[in-house]
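This is query15.cif. It holds mmCIF, C-alpha atoms.
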data_run
loop_
_atom_site.label_atom_id
_atom_site.label_comp_id
_atom_site.auth_asym_id
_atom_site.auth_seq_id
_atom_site.Cartn_x
_atom_site.Cartn_y
_atom_site.Cartn_z
CA MET A 1 0.00 0.00 0.00
CA PHE A 2 1.14 3.52 -0.68
CA LEU A 3 -0.35 6.86 0.22
CA ILE A 4 -1.03 9.67 -2.22
CA LEU A 5 -1.42 12.76 -0.06
CA LEU A 6 -2.91 15.52 -2.18
CA LEU A 7 -3.17 17.44 1.07
CA LEU A 8 0.64 17.46 1.23
CA VAL A 9 1.01 18.56 -2.35
CA THR A 10 -1.28 21.48 -1.73
CA THR A 11 0.04 22.63 1.61
CA HIS A 12 3.65 21.63 2.16
CA GLY A 13 6.35 23.88 0.76
CA ALA A 14 3.88 26.70 0.20
CA GLY A 15 5.81 29.29 2.12
CA ALA A 16 3.63 28.58 5.08
CA THR A 17 4.01 30.81 8.10
CA ASP A 18 4.27 27.99 10.62
CA SER A 19 7.10 27.80 13.12
CA PRO A 20 10.36 25.86 12.60
CA GLU A 21 9.12 23.48 15.28
CA ASP A 22 5.94 22.76 13.32
CA GLU A 23 7.97 22.26 10.13
CA LYS A 24 10.29 19.82 11.87
CA ALA A 25 7.35 17.96 13.38
CA PHE A 26 5.79 17.62 9.92
CA ILE A 27 8.99 16.18 8.40
CA GLU A 28 9.32 13.60 11.15
CA TRP A 29 5.64 12.69 10.93
CA PHE A 30 5.81 12.24 7.16
CA LYS A 31 8.84 9.95 7.48
CA GLU A 32 6.96 7.91 10.06
CA ILE A 33 3.77 7.41 8.03
CA SER A 34 5.78 6.62 4.89
CA ALA A 35 7.73 3.92 6.72
CA ARG A 36 4.55 2.58 8.29
CA GLY A 37 2.81 2.36 4.91
CA SER A 38 5.77 0.53 3.37
CA GLN A 39 5.86 -1.97 6.22
CA GLU A 40 2.12 -2.61 6.01
CA ALA A 41 2.41 -3.21 2.26
CA PHE A 42 5.30 -5.62 2.79
CA ASP A 43 3.40 -7.51 5.49
CA ARG A 44 0.38 -7.97 3.23
CA PHE A 45 2.57 -9.06 0.34
CA ALA A 46 4.36 -11.59 2.56
CA ALA A 47 1.00 -12.92 3.73
CA GLY A 48 -0.17 -13.34 0.13
CA GLU A 49 -2.97 -10.80 0.48
CA ALA A 50 -4.18 -9.13 -2.68
CA PRO A 51 -4.04 -5.32 -2.42
CA ALA A 52 -7.37 -3.54 -2.36
CA PRO A 53 -8.42 -1.08 -5.08
CA GLY A 54 -7.31 2.51 -4.62
CA VAL A 55 -9.48 4.63 -2.34
CA TYR A 56 -10.20 8.32 -1.85
CA ARG A 57 -11.35 10.03 1.30
CA VAL A 58 -11.77 13.52 2.69
CA LEU A 59 -10.78 14.15 6.29
CA SER A 60 -10.58 17.10 8.63
CA ILE A 61 -7.27 18.31 10.01
CA LYS A 62 -8.60 17.89 13.54
CA ASP A 63 -9.13 14.17 12.88
CA LEU A 64 -5.61 13.57 11.58
CA ASP A 65 -3.58 11.05 13.58
CA ALA A 66 -0.77 13.50 14.24
CA SER A 67 0.53 15.95 16.81
CA GLU A 68 -0.88 19.46 17.14
CA ALA A 69 2.36 20.80 15.64
CA VAL A 70 1.77 18.79 12.45
CA LYS A 71 -1.84 19.96 12.30
CA ASN A 72 -0.71 23.56 12.71
CA HIS A 73 1.71 23.08 9.81
CA PHE A 74 -1.17 22.08 7.53
CA ARG A 75 -3.45 24.84 8.81
CA ALA A 76 -0.76 27.44 8.07
CA GLY A 77 -0.18 26.12 4.56
CA ILE A 78 -3.88 26.08 3.72
CA ALA A 79 -4.41 29.58 5.11
CA LYS A 80 -1.51 30.88 3.04
CA ARG A 81 -2.86 29.42 -0.19
CA GLN A 82 -6.43 30.49 0.42
CA ALA A 83 -5.50 34.09 1.23
CA GLY A 84 -5.21 34.88 -2.49
CA VAL A 85 -2.42 34.85 -5.05
CA MET A 86 0.81 33.76 -3.38
CA VAL A 87 3.83 35.90 -4.23
CA VAL A 88 7.02 33.85 -4.62
CA PRO A 89 10.65 34.82 -5.31
CA ALA A 90 12.10 35.30 -8.79
CA ASP A 91 12.89 32.12 -10.74
CA ARG A 92 10.56 30.07 -8.53
CA ILE A 93 8.26 29.71 -11.55
CA SER A 94 9.93 28.68 -14.82
CA SER A 95 9.36 30.61 -18.03
CA VAL A 96 7.25 29.05 -20.77
CA SER A 97 10.24 28.96 -23.12
CA LYS A 98 12.34 27.10 -20.56
CA LEU A 99 9.61 24.54 -19.96
CA LEU A 100 9.14 24.07 -23.70
CA ALA A 101 12.86 23.44 -24.12
CA MET A 102 12.67 20.77 -21.41
CA THR A 103 9.56 19.07 -22.85
CA PRO A 104 10.09 16.53 -25.65
CA THR A 105 7.62 16.64 -28.51
CA ARG A 106 5.95 13.26 -28.31
CA VAL A 107 2.30 12.44 -28.86
CA LEU A 108 1.36 8.81 -28.32
CA PRO A 109 -1.07 7.28 -30.83
CA ASP A 110 -4.64 6.59 -29.72
CA ALA A 111 -4.19 2.85 -30.26
CA GLU A 112 -1.36 2.77 -27.74
CA LEU A 113 -3.35 4.80 -25.20
CA HIS A 114 -6.32 2.43 -25.42
CA LYS A 115 -4.03 -0.58 -25.10
CA ARG A 116 -2.15 0.65 -22.03
CA LEU A 117 -4.74 2.65 -20.07
CA PRO A 118 -7.60 1.14 -18.02
CA ALA A 119 -10.02 3.78 -19.33
CA PRO A 120 -10.02 6.08 -22.37
CA PRO A 121 -8.53 9.56 -21.87
CA SER A 122 -11.03 12.29 -21.10
CA ASP A 123 -12.25 14.22 -24.12
CA VAL A 124 -11.16 17.89 -24.08
CA ALA A 125 -12.80 18.86 -27.39
CA ARG A 126 -15.44 20.97 -25.62
CA THR A 127 -12.88 22.92 -23.61
CA PRO A 128 -10.52 25.81 -24.43
CA LEU A 129 -7.87 23.13 -25.03
CA ARG A 130 -9.50 22.42 -28.40
CA SER A 131 -7.51 25.35 -29.80
CA ALA A 132 -4.28 24.39 -28.00
CA LYS A 133 -1.40 22.40 -29.45
CA LEU A 134 -0.78 19.04 -27.82
CA ILE A 135 3.00 18.79 -27.54
CA ASN A 136 3.53 15.86 -25.19
CA THR A 137 1.78 12.81 -23.78
CA ASN A 138 3.25 10.63 -21.07
CA TRP A 139 2.22 8.06 -18.52
CA CYS A 140 1.45 8.94 -14.90
CA GLY A 141 0.01 7.19 -11.90
CA THR A 142 1.08 3.58 -11.36
CA ARG A 143 3.00 1.56 -13.95
CA THR A 144 2.71 -2.24 -14.16
CA GLY A 145 4.54 -3.69 -17.12
CA ILE A 146 3.32 -1.78 -20.16
CA LYS A 147 0.13 -0.75 -18.37
CA SER A 148 -0.36 2.62 -16.69
CA THR A 149 -3.22 3.93 -14.58
CA GLY A 150 -2.90 7.52 -15.77
CA LEU A 151 -2.03 9.88 -18.58
CA GLN A 152 -0.33 13.28 -18.65
CA ARG A 153 -0.95 15.68 -21.53
CA ILE A 154 0.91 18.97 -22.00
CA PHE A 155 -0.64 21.64 -24.20
CA LEU A 156 0.64 24.95 -25.52
CA LEU A 157 -2.08 27.58 -25.70
CA GLU A 158 -0.84 30.56 -27.68
CA THR A 159 -0.77 33.91 -25.83
CA VAL A 160 -1.56 32.04 -22.59
CA GLY A 161 1.09 29.47 -21.71
CA LEU A 162 1.58 25.77 -20.98
CA ILE A 163 -1.20 23.66 -19.53
CA ASP A 164 -0.41 20.33 -17.89
CA PHE A 165 -3.37 17.95 -17.57
CA CYS A 166 -3.04 14.70 -15.61
CA GLU A 167 -5.77 12.14 -15.02
CA ASP A 168 -5.35 8.91 -13.12
CA SER A 169 -7.69 5.92 -12.70
CA TYR A 170 -6.53 5.70 -9.10
CA ARG A 171 -8.78 2.77 -8.20
CA GLU A 172 -6.59 0.67 -10.51
CA SER A 173 -3.57 1.61 -8.36
CA LYS A 174 -3.95 -1.31 -5.99
CA GLY A 175 -3.45 -0.30 -2.38
CA ALA A 176 -3.33 3.42 -3.13
CA ARG A 177 -5.02 5.98 -0.89
CA ILE A 178 -5.74 9.56 -1.84
CA GLU A 179 -6.46 11.73 1.18
CA VAL A 180 -7.49 15.36 1.08
CA PHE A 181 -8.19 17.80 3.88
CA LYS A 182 -11.73 19.16 3.95
CA GLU A 183 -10.27 22.54 4.90
CA ALA A 184 -8.24 22.63 1.65
CA LEU A 185 -11.30 22.23 -0.59
CA ASN A 186 -12.03 25.73 -1.84
CA ALA A 187 -13.67 25.20 -5.25
CA THR A 188 -16.05 22.89 -7.10
CA VAL A 189 -15.89 21.25 -10.53
CA GLY A 190 -19.27 20.07 -11.76
CA GLY A 191 -20.43 19.78 -8.17
CA THR A 192 -17.30 17.89 -7.10
CA PRO A 193 -15.19 19.49 -4.34
CA ALA A 194 -11.85 20.74 -5.66
CA MET A 195 -8.66 22.52 -4.62
CA ALA A 196 -7.39 25.62 -6.41
CA HIS A 197 -4.49 27.97 -5.85
CA MET A 198 -2.40 30.60 -7.65
CA LYS A 199 1.16 31.88 -7.49
CA ARG A 200 2.83 34.94 -8.95
CA SER A 201 6.61 35.41 -8.98
CA VAL A 202 8.22 38.80 -8.48
CA ASP A 203 9.78 38.51 -11.95
CA GLY A 204 6.34 38.44 -13.55
CA ARG A 205 5.43 34.81 -14.12
CA GLY A 206 2.39 32.97 -12.87
CA MET A 207 1.11 29.50 -12.01
CA ALA A 208 -2.42 28.29 -11.33
CA ALA A 209 -3.49 24.80 -10.30
CA LEU A 210 -6.79 22.96 -9.92
CA SER A 211 -7.34 19.39 -8.72
CA TRP A 212 -10.37 17.25 -7.98
CA VAL A 213 -11.25 13.58 -7.51
CA THR A 214 -14.25 11.64 -8.78
CA PRO A 215 -15.18 8.04 -7.94
CA GLU A 216 -13.32 6.93 -11.07
CA LYS A 217 -10.37 9.29 -11.58
CA SER A 218 -8.24 11.98 -10.01
CA PHE A 219 -7.61 15.09 -12.13
CA GLN A 220 -4.98 17.81 -11.97
CA LEU A 221 -4.67 20.89 -14.17
CA ARG A 222 -1.73 23.29 -13.99
CA LEU A 223 -1.09 26.44 -15.99
CA VAL A 224 2.27 28.20 -16.26
CA THR A 225 2.36 31.61 -17.91
CA ASP A 226 4.79 34.45 -18.47
CA ASP A 227 1.92 36.86 -17.77
CA GLY A 228 1.76 36.60 -14.00
CA ALA A 229 -0.26 39.81 -13.76
CA SER A 230 -3.19 37.95 -15.33
CA ILE A 231 -2.93 34.73 -13.34
CA GLU A 232 -6.47 35.18 -12.03
CA LYS A 233 -7.65 34.87 -15.64
CA GLY A 234 -5.51 31.76 -15.92
CA ALA A 235 -7.23 30.24 -12.91
CA ALA A 236 -10.61 31.00 -14.46
CA LEU A 237 -9.44 29.33 -17.68
CA LEU A 238 -8.53 26.16 -15.78
CA MET A 239 -12.02 26.10 -14.31
CA GLN A 240 -13.52 26.42 -17.81
CA ILE A 241 -11.39 23.50 -18.95
CA ALA A 242 -12.34 21.39 -15.94
CA GLU A 243 -16.05 22.07 -16.36
CA GLY A 244 -15.90 21.17 -20.06
CA ILE A 245 -13.98 17.90 -19.78
CA ASP A 246 -16.02 14.90 -20.86
CA ARG A 247 -15.36 12.50 -18.01
#

So that I can check it, write out the structure of this file as structure tokens.
Amino acid sequence: MFLILLLLVTTHGAGATDSPEDEKAFIEWFKEISARGSQEAFDRFAAGEAPAPGVYRVLSIKDLDASEAVKNHFRAGIAKRQAGVMVVPADRISSVSKLLAMTPTRVLPDAELHKRLPAPPSDVARTPLRSAKLINTNWCGTRTGIKSTGLQRIFLLETVGLIDFCEDSYRESKGARIEVFKEALNATVGGTPAMAHMKRSVDGRGMAALSWVTPEKSFQLRLVTDDGASIEKGAALLMQIAEGIDR
């Protein structure tokens, strides 16, 4: 069994205003739960138990099995992200040109996607991505042989920036758990609770992210733009994309 903590992705390393003691407590706690999860997975494997399908749950910070210092770390991170656009130092957000240079141009054929994925990729034809250029497709989630539970697609939308779209049939990731804090859910996509946040660097770039989980798949959208002054528009664009995806 392994643990996918979206709550960590969305709160840790966010320039949170928690104390050094809370930060240290979080690091130690994360090491502990990671080791515990690995041991539990090994014990089940040794006993010949088949791993259960991936699961998703929403929990409150107050119900987390952790010290108050760890809980304070998460509260600080969530408060920071939900206060508005986060301002980060220069070079913390890469330029679109730099990301393009690092991204190989590779689009996998539909036949290969259908052969290796447990479910067809979501249709984006009714979203603003219909006018974007698909420059890269890659596997994400869990890999087993040639099979993969998820797909990553990277689009270039002219005058806007790069959009990274990942979807994962997490229930096919045997033993996986996705856990999200209720306090971190600050948006909705088609009635599904979601997490959204924005960053703007002092050198003028911007990043917006949106993630949500359905009973079948987890979804993540991320936009990187050189026009950080308009990152709020970028966040609105991600919501338009999310609402238009044929799931």

Can you spell out as a VMD selection string the set of residues that the PyMOL selection byres ((chain A and resi 241) around 9) selects in the structure I just provided?
chain A and resid 124 126 to 129 221 236 to 240 242 to 245

Run through the PyMOL selection byres ((chain A and resi 144-152) around 8) on the given coordinates and return the selected residues as a PDB file with C-alpha atoms, in the coordinates of the input.
ATOM      1  CA  LYS A 115      -4.030  -0.580 -25.100  1.00  0.00           C
ATOM      2  CA  ARG A 116      -2.150   0.650 -22.030  1.00  0.00           C
ATOM      3  CA  LEU A 117      -4.740   2.650 -20.070  1.00  0.00           C
ATOM      4  CA  PRO A 118      -7.600   1.140 -18.020  1.00  0.00           C
ATOM      5  CA  PRO A 121      -8.530   9.560 -21.870  1.00  0.00           C
ATOM      6  CA  THR A 137       1.780  12.810 -23.780  1.00  0.00           C
ATOM      7  CA  ASN A 138       3.250  10.630 -21.070  1.00  0.00           C
ATOM      8  CA  TRP A 139       2.220   8.060 -18.520  1.00  0.00           C
ATOM      9  CA  CYS A 140       1.450   8.940 -14.900  1.00  0.00           C
ATOM     10  CA  GLY A 141       0.010   7.190 -11.900  1.00  0.00           C
ATOM     11  CA  THR A 142       1.080   3.580 -11.360  1.00  0.00           C
ATOM     12  CA  ARG A 143       3.000   1.560 -13.950  1.00  0.00           C
ATOM     13  CA  ARG A 153      -0.950  15.680 -21.530  1.00  0.00           C
ATOM     14  CA  ILE A 154       0.910  18.970 -22.000  1.00  0.00           C
ATOM     15  CA  ASP A 164      -0.410  20.330 -17.890  1.00  0.00           C
ATOM     16  CA  PHE A 165      -3.370  17.950 -17.570  1.00  0.00           C
ATOM     17  CA  CYS A 166      -3.040  14.700 -15.610  1.00  0.00           C
ATOM     18  CA  GLU A 167      -5.770  12.140 -15.020  1.00  0.00           C
ATOM     19  CA  ASP A 168      -5.350   8.910 -13.120  1.00  0.00           C
ATOM     20  CA  SER A 169      -7.690   5.920 -12.700  1.00  0.00           C
ATOM     21  CA  TYR A 170      -6.530   5.700  -9.100  1.00  0.00           C
ATOM     22  CA  GLU A 172      -6.590   0.670 -10.510  1.00  0.00           C
ATOM     23  CA  SER A 173      -3.570   1.610  -8.360  1.00  0.00           C
TER      24      SER A 173
END

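Evaluated on this file, the PyMOL selection byres ((chain A and resi 62) around 10) matches Leu59, Ser60, Ile61, Asp63, Leu64, Asp65, Ala66, Ser67, Glu68, Lys71, Asn72, Arg75, Phe181 and Glu183 of chain A.
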
Using Å and a single decimal, report how far CA of Phe74 in chain A sits from CA of Ile178 in chain A.
16.3 Å

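Here CA of Phe155 in chain A and CA of Asn136 in chain A stand 7.2 Å from one another.
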
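For the atom pair formed by CA of Ala184 in chain A and CA of Asp203 in chain A, the distance is 27.6 Å, given to one decimal.
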
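Considering all atoms listed in the file, the residue among A:Gly175, A:Met198, A:Ser211, A:Lys31 positioned nearest to Lys80 in chain A is A:Met198.
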
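Closest approach to Ile27 in chain A among A:Thr214, A:Ala52, A:Arg44, A:Ala69: A:Ala69, based on all atoms listed in the file.
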
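Look at Val55 in chain A: the protein and nucleic acid residues within 7 Å of it, using only C-alpha atoms and passing over chain neighbours fewer than 6 places away, are Arg171, Ala176, Arg177 and Ile178 of chain A.
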
Would you mind exporting the chosen residues as a JSON list (two decimals), in the coordinates of the input, restricted to C-alpha atoms?
[["chain", "number", "residue", "atom", "x", "y", "z"],
["A", 171, "ARG", "CA", -8.78, 2.77, -8.20],
["A", 176, "ALA", "CA", -3.33, 3.42, -3.13],
["A", 177, "ARG", "CA", -5.02, 5.98, -0.89],
["A", 178, "ILE", "CA", -5.74, 9.56, -1.84]]

Using all atoms listed in the file, pick whichever of A:Gly77, A:Ala101, A:Glu112, A:Val70 has the shortest atom-to-atom distance to Ala25 in chain A.
A:Val70

Can you pull out every residue within 12 Å of Glu232 in chain A, counting all atoms listed in the file, but drop anything in the same chain fewer than 6 positions away, and send it as a list in words?
Gly84, Val85, Met86, Ala196, His197, Met198, Lys199, Arg200, Gly206, Met207, Ala208, Ala209, Leu223, Val224, Thr225, Leu238 and Met239 of chain A

Residues just named, written with C-alpha atoms as a PDB file, in the coordinates of the input:
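Contents of out_4.pdb, as written:
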ATOM      1  CA  GLY A  84      -5.210  34.880  -2.490  1.00  0.00           C
ATOM      2  CA  VAL A  85      -2.420  34.850  -5.050  1.00  0.00           C
ATOM      3  CA  MET A  86       0.810  33.760  -3.380  1.00  0.00           C
ATOM      4  CA  ALA A 196      -7.390  25.620  -6.410  1.00  0.00           C
ATOM      5  CA  HIS A 197      -4.490  27.970  -5.850  1.00  0.00           C
ATOM      6  CA  MET A 198      -2.400  30.600  -7.650  1.00  0.00           C
ATOM      7  CA  LYS A 199       1.160  31.880  -7.490  1.00  0.00           C
ATOM      8  CA  ARG A 200       2.830  34.940  -8.950  1.00  0.00           C
ATOM      9  CA  GLY A 206       2.390  32.970 -12.870  1.00  0.00           C
ATOM     10  CA  MET A 207       1.110  29.500 -12.010  1.00  0.00           C
ATOM     11  CA  ALA A 208      -2.420  28.290 -11.330  1.00  0.00           C
ATOM     12  CA  ALA A 209      -3.490  24.800 -10.300  1.00  0.00           C
ATOM     13  CA  LEU A 223      -1.090  26.440 -15.990  1.00  0.00           C
ATOM     14  CA  VAL A 224       2.270  28.200 -16.260  1.00  0.00           C
ATOM     15  CA  THR A 225       2.360  31.610 -17.910  1.00  0.00           C
ATOM     16  CA  LEU A 238      -8.530  26.160 -15.780  1.00  0.00           C
ATOM     17  CA  MET A 239     -12.020  26.100 -14.310  1.00  0.00           C
TER      18      MET A 239
END

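With distances taken over all atoms listed in the file, A:Lys174 is the one residue among A:Val180, A:Glu21, A:Lys174, A:Lys233 lying closest to Pro53 in chain A.
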
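Minimum atom-to-atom distances from A:Leu99, A:Ala46, A:Leu185, A:Leu113 to Asp226 in chain A were compared using all atoms listed in the file, and the lowest value belongs to A:Leu99.
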